[in-house]
file structure23.cif (mmCIF, C-alpha atoms)
data_upload
loop_
_atom_site.label_atom_id
_atom_site.label_comp_id
_atom_site.auth_asym_id
_atom_site.auth_seq_id
_atom_site.Cartn_x
_atom_site.Cartn_y
_atom_site.Cartn_z
CA MET A 15 -20.63 9.44 -3.43
CA GLY A 16 -19.77 7.01 -6.23
CA SER A 17 -17.90 3.74 -6.07
CA ARG A 18 -14.43 3.57 -4.64
CA ASN A 19 -13.11 3.07 -8.20
CA ASN A 20 -14.25 6.58 -9.16
CA LYS A 21 -13.15 8.33 -5.98
CA VAL A 22 -9.87 10.11 -5.33
CA LEU A 23 -8.50 10.76 -1.86
CA LEU A 24 -6.48 13.99 -1.69
CA VAL A 25 -4.38 14.32 1.47
CA GLY A 26 -3.26 17.85 2.27
CA SER A 27 -5.00 21.19 2.43
CA GLY A 28 -2.27 23.65 1.50
CA TYR A 29 -1.15 25.28 -1.72
CA MET A 30 -0.40 22.07 -3.66
CA ALA A 31 -3.68 20.50 -2.63
CA ARG A 32 -5.49 23.53 -4.03
CA GLU A 33 -3.56 23.17 -7.30
CA TYR A 34 -4.64 19.53 -7.59
CA MET A 35 -8.23 20.52 -6.80
CA LYS A 36 -8.29 22.79 -9.84
CA VAL A 37 -7.76 19.74 -12.02
CA LEU A 38 -9.91 17.37 -10.00
CA ALA A 39 -12.81 19.83 -10.27
CA SER A 40 -12.78 19.39 -14.05
CA LEU A 41 -12.82 15.58 -13.87
CA ALA A 42 -15.88 13.41 -13.31
CA ASN A 43 -14.56 11.77 -10.15
CA ASP A 44 -15.69 12.05 -6.57
CA VAL A 45 -13.02 13.61 -4.37
CA VAL A 46 -12.50 13.56 -0.62
CA ILE A 47 -9.97 15.98 0.83
CA VAL A 48 -8.30 15.23 4.15
CA GLY A 49 -6.36 17.89 6.00
CA ARG A 50 -5.27 18.70 9.52
CA SER A 51 -6.35 22.34 9.65
CA LYS A 52 -10.06 23.15 9.97
CA GLU A 53 -9.41 26.66 8.66
CA LYS A 54 -7.71 25.44 5.48
CA ILE A 55 -10.39 22.80 4.92
CA TYR A 56 -13.15 25.41 5.31
CA ALA A 57 -11.40 27.71 2.82
CA LEU A 58 -11.14 24.90 0.27
CA GLN A 59 -14.74 23.88 0.87
CA LYS A 60 -15.89 27.41 0.15
CA ASP A 61 -14.19 27.35 -3.26
CA TYR A 62 -14.98 23.72 -4.14
CA PRO A 63 -18.30 22.84 -2.47
CA LYS A 64 -18.98 19.68 -4.49
CA PHE A 65 -16.16 17.75 -2.80
CA GLU A 66 -16.23 15.86 0.48
CA TYR A 67 -13.99 17.16 3.30
CA PHE A 68 -12.47 15.84 6.50
CA SER A 69 -10.36 17.85 8.95
CA GLY A 70 -8.35 16.43 11.81
CA GLY A 71 -5.68 14.62 9.84
CA LEU A 72 -5.15 11.31 8.12
CA ASP A 73 -5.00 9.23 11.31
CA LYS A 74 -8.51 10.30 12.32
CA PHE A 75 -9.80 9.88 8.79
CA LEU A 76 -8.49 6.31 8.59
CA GLU A 77 -10.12 5.47 11.93
CA HIS A 78 -13.54 6.47 10.54
CA ASN A 79 -13.31 5.25 6.94
CA LEU A 80 -12.96 1.54 6.42
CA GLU A 81 -13.46 1.53 2.65
CA LEU A 82 -10.89 3.71 0.93
CA PRO A 83 -10.67 4.59 -2.73
CA HIS A 84 -8.07 2.90 -4.91
CA PHE A 85 -6.55 6.26 -5.86
CA ALA A 86 -4.87 8.88 -3.66
CA ILE A 87 -2.80 12.01 -4.06
CA ASN A 88 -0.37 12.89 -1.30
CA ALA A 89 0.05 16.68 -1.31
CA THR A 90 1.20 17.08 2.28
CA SER A 91 4.21 19.14 3.36
CA VAL A 92 7.63 17.78 2.45
CA ASN A 93 8.36 16.61 5.99
CA GLN A 94 5.10 14.59 6.03
CA LEU A 95 5.29 12.96 2.58
CA ARG A 96 7.03 9.74 3.64
CA ILE A 97 4.95 8.93 6.72
CA THR A 98 1.70 9.86 4.98
CA SER A 99 2.56 7.74 1.95
CA LEU A 100 3.38 4.76 4.16
CA GLN A 101 0.06 5.20 6.00
CA LEU A 102 -1.88 5.35 2.75
CA LEU A 103 -0.21 2.26 1.34
CA GLU A 104 -0.70 0.33 4.58
CA ALA A 105 -4.37 1.36 4.58
CA GLY A 106 -4.87 -0.19 1.14
CA ILE A 107 -4.40 2.57 -1.43
CA LYS A 108 -3.36 0.87 -4.69
CA TYR A 109 -2.45 3.92 -6.80
CA LEU A 110 -0.65 6.82 -5.15
CA LEU A 111 0.47 10.05 -6.76
CA LEU A 112 3.10 11.48 -4.47
CA GLU A 113 4.07 15.14 -4.55
CA LYS A 114 7.72 15.86 -5.24
CA PRO A 115 10.28 15.19 -3.91
CA GLY A 116 8.61 12.11 -2.35
CA ASP A 117 10.90 12.31 0.67
CA ILE A 118 13.94 14.28 1.71
CA THR A 119 16.19 11.20 1.84
CA LEU A 120 17.00 8.34 -0.48
CA SER A 121 16.34 5.89 2.36
CA GLY A 122 12.85 7.37 2.75
CA LEU A 123 12.15 6.91 -0.95
CA ASN A 124 13.39 3.33 -0.73
CA GLU A 125 11.10 2.71 2.23
CA ILE A 126 8.11 3.97 0.25
CA ASN A 127 9.16 1.81 -2.70
CA GLN A 128 9.46 -1.31 -0.54
CA LYS A 129 6.06 -0.66 1.07
CA ALA A 130 4.50 -0.21 -2.38
CA ILE A 131 5.97 -3.52 -3.53
CA SER A 132 4.80 -5.36 -0.41
CA CYS A 133 1.29 -3.87 -0.77
CA SER A 134 1.10 -4.49 -4.55
CA ALA A 135 0.62 -0.78 -5.10
CA GLU A 136 1.85 1.68 -7.68
CA VAL A 137 3.45 4.96 -6.59
CA LEU A 138 4.30 7.80 -8.95
CA ILE A 139 6.07 11.02 -8.06
CA ALA A 140 4.58 14.17 -9.60
CA TYR A 141 7.63 15.92 -10.98
CA ASN A 142 6.11 17.60 -14.02
CA ARG A 143 2.64 19.05 -13.61
CA ARG A 144 2.81 21.38 -16.60
CA HIS A 145 -0.10 19.60 -18.29
CA TYR A 146 -2.28 18.67 -15.30
CA SER A 147 -5.49 17.73 -17.06
#
call {"tool": "encode", "arguments": {"input": "structure23.cif", "output": "structure tokens"}}
result
Amino acid sequence: MGSRNNKVLLVGSGYMAREYMKVLASLANDVVIVGRSKEKIYALQKDYPKFEYFSGGLDKFLEHNLELPHFAINATSVNQLRITSLQLLEAGIKYLLLEKPGDITLSGLNEINQKAISCSAEVLIAYNRRHYS
């Protein structure tokens, strides 16, 4: 795979992750997809074989990967967005695209914001994906 500056980490293996993969497939970046479900990862891998895949969840992935890309997309389920975003920021992700709504509470969004500030990272919430590419 290329340098960490040209790699995108996509966390999630459900519907929204697949939607992001449609766009990522058209870009010239390396992509690694991390999901919890082996079945969903295998299904994605079948459709997008050029990407790198890891099943078993983000915790396991972070244990095995010391050098992370600068860019990540958090496309996990709504109830996992906050904790996953905090993990990614703590692990060193500098640019995070967070699937809407970001969290289900204002306090959760504030926690993500404070973590981004303390980690010198930029977090954007993907509210309008009409023009993906």
call {"tool": "residues_around", "arguments": {"input": "structure23.cif", "residues": "Asn127 of chain A", "least_positions_apart": "3", "cutoff": "12 Å", "atoms": "all atoms listed in the file", "output": "CSV table (one decimal) with C-alpha atoms, in the frame of the given file"}}
result
chain,number,residue,atom,x,y,z
A,96,ARG,CA,7.0,9.7,3.6
A,99,SER,CA,2.6,7.7,2.0
A,100,LEU,CA,3.4,4.8,4.2
A,103,LEU,CA,-0.2,2.3,1.3
A,110,LEU,CA,-0.6,6.8,-5.2
A,112,LEU,CA,3.1,11.5,-4.5
A,116,GLY,CA,8.6,12.1,-2.4
A,117,ASP,CA,10.9,12.3,0.7
A,120,LEU,CA,17.0,8.3,-0.5
A,121,SER,CA,16.3,5.9,2.4
A,122,GLY,CA,12.8,7.4,2.8
A,123,LEU,CA,12.2,6.9,-1.0
A,124,ASN,CA,13.4,3.3,-0.7
A,130,ALA,CA,4.5,-0.2,-2.4
A,131,ILE,CA,6.0,-3.5,-3.5
A,132,SER,CA,4.8,-5.4,-0.4
A,133,CYS,CA,1.3,-3.9,-0.8
A,134,SER,CA,1.1,-4.5,-4.6
A,135,ALA,CA,0.6,-0.8,-5.1
A,136,GLU,CA,1.8,1.7,-7.7
A,137,VAL,CA,3.4,5.0,-6.6
A,138,LEU,CA,4.3,7.8,-9.0
A,139,ILE,CA,6.1,11.0,-8.1
call {"tool": "atom_distance", "arguments": {"input": "structure23.cif", "atom1": "atom CA of Ala140 of chain A", "atom2": "atom CA of His78 of chain A"}}
result
28.2 Å
call {"tool": "residues_near_point", "arguments": {"input": "structure23.cif", "point": "(-6.9, 18.9, 14.4)", "cutoff": "12 Å", "atoms": "all atoms listed in the file", "output": "PyMOL selection string"}}
result
chain A and resi 48-55+68-75
call {"tool": "closest_residue", "arguments": {"input": "structure23.cif", "among": "A:Gly28, A:Asn43, A:Glu81, A:Thr98", "to": "Tyr56 of chain A", "atoms": "all atoms listed in the file"}}
result
A:Gly28
call {"tool": "closest_residue", "arguments": {"input": "structure23.cif", "among": "A:Lys21, A:Lys129, A:His84, A:Lys108", "to": "Phe65 of chain A", "atoms": "all atoms listed in the file"}}
result
A:Lys21
call {"tool": "resolve_selection", "arguments": {"input": "structure23.cif", "expression": "the PyMOL selection byres ((chain A and resi 87-90) around 6)", "output": "PyMOL selection string"}}
result
chain A and resi 24-26+30-31+86+91+94-95+110-113
call {"tool": "write_last_selection", "arguments": {"input": "structure23.cif", "atoms": "C-alpha atoms", "output": "compact mmCIF listing (two decimals), keeping the file's coordinate frame"}}
result
# COMPACT_ATOMS: atom_id res chain seq x y z
CA LEU A 24 -6.48 13.99 -1.69
CA VAL A 25 -4.38 14.32 1.47
CA GLY A 26 -3.26 17.85 2.27
CA MET A 30 -0.40 22.07 -3.66
CA ALA A 31 -3.68 20.50 -2.63
CA ALA A 86 -4.87 8.88 -3.66
CA SER A 91 4.21 19.14 3.36
CA GLN A 94 5.10 14.59 6.03
CA LEU A 95 5.29 12.96 2.58
CA LEU A 110 -0.65 6.82 -5.15
CA LEU A 111 0.47 10.05 -6.76
CA LEU A 112 3.10 11.48 -4.47
CA GLU A 113 4.07 15.14 -4.55
call {"tool": "residues_around", "arguments": {"input": "structure23.cif", "residues": "Tyr62 of chain A", "least_positions_apart": "3", "cutoff": "8 Å", "atoms": "all atoms listed in the file", "output": "list of chain:residue names"}}
result
A:Met35, A:Ala39, A:Leu58, A:Gln59, A:Phe65
call {"tool": "atom_distance", "arguments": {"input": "structure23.cif", "atom1": "atom CA of Leu38 of chain A", "atom2": "atom CA of Lys60 of chain A"}}
result
15.5 Å
call {"tool": "atom_distance", "arguments": {"input": "structure23.cif", "atom1": "atom CA of Tyr141 of chain A", "atom2": "atom CA of Leu41 of chain A"}}
result
20.7 Å
